[in-house]
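Visitor: Right, I'll just put the structure down here and ask away after.
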Amino acid sequence: MAGFRRLGLEEALALGPKWRHACHALLYAPDPGMLFRRIPLRYAVLMQMRFDGRLGFPGGYVELQDGSLEDGLNRELSEELGEAAAAFRVERADHRSSHAASGPHFVAHFYAKRLTLEQLTAVERGAPHAKDHGLEVLGLVRVPLYTLRDGVGGLPAFLENTFIGIAREQLLEALQDLRLLESGSVLKL
């Protein structure tokens with residue numbers, strides 16, 4: 001990931017007070033639905049359209065005064081997603097990766113939280129009423145985890161959007177590692 005160096009969570013936390021920490025979470029749930037009665041959805045994965053027109057994951061800057069990275073992340077999720085975020089808690093066990101930026105003193109921490117489809121749809125329904133909706137967050141979007149017959153529609157077209165920082169790489173890595181796509185399909189993208 002150009003401009004970022006992967007490091008362990010403990011190493012990231014030991015960088016010192018001059019470093020800022022941002023935490024973001026991929027929220028996903030098994031989805032038995034079928035698109036057009038023939039394309040299995042498999043999972044619902046949420047991303048958001050940010051104020052700057054780029055796609056990213058819910059979350060944001062956290063302060064170590066929040067208690068922990070996860071406390072700060074859960075506060076951010078509540079602000080961006082609304083009351084439905086109180087139905088679950090992102091924990092240390094959900095941590096996937098940490099990356100330090102090569103320029104500014106900034107570390108991006110990435111988490112993935114498996115929800116039930118009911119929890120995820122409650123987040124989608126409640127998000128327009130969240131504190132940051134219409135300001136920092138312009139809306140939620142589900143990632144299409146399929147490729148249409150033309151070989152372009154679906155995930156390949158989605159990946160042509162502009163993503164903030166390393167969100168695109170985090171998405172692809174999580175889709176592969178969590179086995180949210182059929183085996184080998186990430187390698188083709």
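Naming scheme: A, B, ... for chains in displayed order of the structure tokens; residues 1 onward per chain; ligands 1 onward as shown.
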Excluding same-chain residues fewer than 6 positions from Glu79 (chain A), what lies within 9 Å of it counting only C-alpha atoms, as a PyMOL selection string?

Guide: chain A and resi 59+85+130-133

Visitor: What would the file look like if the residues just selected were written as a short mmCIF file (atom, residue, chain, number, x, y, z; two decimals), in the first residue's frame with C-alpha atoms?

Guide:
```
data_model
loop_
_atom_site.label_atom_id
_atom_site.label_comp_id
_atom_site.auth_asym_id
_atom_site.auth_seq_id
_atom_site.Cartn_x
_atom_site.Cartn_y
_atom_site.Cartn_z
CA GLY A 59 -15.07 5.66 11.82
CA ALA A 85 -24.60 1.10 16.42
CA ALA A 130 -27.30 10.01 12.88
CA LYS A 131 -25.55 13.14 14.14
CA ASP A 132 -23.06 13.27 11.24
CA HIS A 133 -25.44 12.31 8.42
#
```

Visitor: From the DSSP assignment of the backbone, select every residue of region 6-173 of chain A that is helix (DSSP H, G or I), and format the answer as JSON, numbers by chain.

Guide: {"A": [9, 10, 11, 12, 13, 64, 65, 66, 69, 70, 71, 72, 73, 74, 75, 76, 77, 78, 79, 80, 81, 83, 84, 85, 86, 87, 92, 93, 94, 117, 118, 119, 120, 121, 122, 123, 124, 125, 126, 127, 128, 129, 155, 156, 157, 158, 167, 168, 169, 170, 171, 172, 173]}

Visitor: Enumerate, in order of chain and increasing residue number, the residues of region 73-163 of chain A with an atom no farther than 7 Å from region 14-26 of chain A, each with its shortest atom pair and distance in Å to one decimal, counting only C-alpha atoms, as CSV.

Guide:
```
residue,atom,partner,partner_atom,distance
A:Leu73,CA,A:Cys23,CA,5.7
A:His105,CA,A:Trp19,CA,4.7
A:Phe106,CA,A:Arg20,CA,4.8
A:Val107,CA,A:His21,CA,4.9
A:Ala108,CA,A:Ala22,CA,5.0
A:His109,CA,A:Cys23,CA,4.7
A:Phe110,CA,A:His24,CA,5.2
A:Tyr111,CA,A:Ala25,CA,4.6
A:Ala112,CA,A:Leu26,CA,4.6
A:Lys113,CA,A:Leu26,CA,6.3
```

Visitor: Mind writing the picked residues with N, CA and C atoms as a PDB file, in the first residue's frame?

Guide:
```pdb
ATOM      1  N   LEU A  73     -13.483   4.280  18.468  1.00  0.00           N
ATOM      2  CA  LEU A  73     -14.147   3.816  17.245  1.00  0.00           C
ATOM      3  C   LEU A  73     -15.643   3.650  17.477  1.00  0.00           C
ATOM      4  N   HIS A 105       2.317  12.173  10.799  1.00  0.00           N
ATOM      5  CA  HIS A 105       2.307  11.196  11.893  1.00  0.00           C
ATOM      6  C   HIS A 105       0.869  10.722  12.107  1.00  0.00           C
ATOM      7  N   PHE A 106       0.508   9.725  11.343  1.00  0.00           N
ATOM      8  CA  PHE A 106      -0.878   9.252  11.273  1.00  0.00           C
ATOM      9  C   PHE A 106      -0.885   7.737  11.136  1.00  0.00           C
ATOM     10  N   VAL A 107      -1.724   7.054  11.927  1.00  0.00           N
ATOM     11  CA  VAL A 107      -1.865   5.602  11.832  1.00  0.00           C
ATOM     12  C   VAL A 107      -3.328   5.270  11.551  1.00  0.00           C
ATOM     13  N   ALA A 108      -3.545   4.437  10.544  1.00  0.00           N
ATOM     14  CA  ALA A 108      -4.892   3.976  10.196  1.00  0.00           C
ATOM     15  C   ALA A 108      -5.075   2.559  10.744  1.00  0.00           C
ATOM     16  N   HIS A 109      -6.034   2.400  11.637  1.00  0.00           N
ATOM     17  CA  HIS A 109      -6.361   1.098  12.208  1.00  0.00           C
ATOM     18  C   HIS A 109      -7.650   0.611  11.547  1.00  0.00           C
ATOM     19  N   PHE A 110      -7.669  -0.645  11.160  1.00  0.00           N
ATOM     20  CA  PHE A 110      -8.812  -1.194  10.428  1.00  0.00           C
ATOM     21  C   PHE A 110      -9.371  -2.397  11.171  1.00  0.00           C
ATOM     22  N   TYR A 111     -10.700  -2.419  11.288  1.00  0.00           N
ATOM     23  CA  TYR A 111     -11.431  -3.471  11.991  1.00  0.00           C
ATOM     24  C   TYR A 111     -12.481  -4.051  11.052  1.00  0.00           C
ATOM     25  N   ALA A 112     -12.895  -5.278  11.304  1.00  0.00           N
ATOM     26  CA  ALA A 112     -14.019  -5.885  10.579  1.00  0.00           C
ATOM     27  C   ALA A 112     -14.929  -6.535  11.610  1.00  0.00           C
ATOM     28  N   LYS A 113     -16.208  -6.198  11.561  1.00  0.00           N
ATOM     29  CA  LYS A 113     -17.180  -6.695  12.536  1.00  0.00           C
ATOM     30  C   LYS A 113     -18.315  -7.411  11.819  1.00  0.00           C
TER      31      LYS A 113
END
```

Visitor: Might you pull out every residue within 8 Å of Gly3 (chain A), with only C-alpha atoms counted and same-chain residues fewer than 5 positions away left off, and present them as a tab-separated table (two decimals) with N, CA, C and O atoms, in the first residue's frame?

Guide:
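What landed in result_13.tsv:
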```tsv
chain	number	residue	atom	x	y	z
A	101	ALA	N	1.27	6.15	8.06
A	101	ALA	CA	1.51	6.96	6.86
A	101	ALA	C	2.97	7.35	6.81
A	101	ALA	O	3.60	7.58	7.84
A	102	SER	N	3.51	7.44	5.60
A	102	SER	CA	4.92	7.78	5.45
A	102	SER	C	5.19	9.26	5.68
A	102	SER	O	6.29	9.63	6.04
A	103	GLY	N	4.21	10.10	5.50
A	103	GLY	CA	4.40	11.54	5.69
A	103	GLY	C	3.98	12.01	7.07
A	103	GLY	O	4.76	12.00	8.00
```

Visitor: Considering only C-alpha atoms, state which residue in the set A:Leu35, A:Leu64, A:Leu145, A:Ala167 is at the smallest distance from Glu182 (chain A).

Guide: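 Looking only at the distances to Glu182 (chain A), the closest residue turns out to be A:Leu145.
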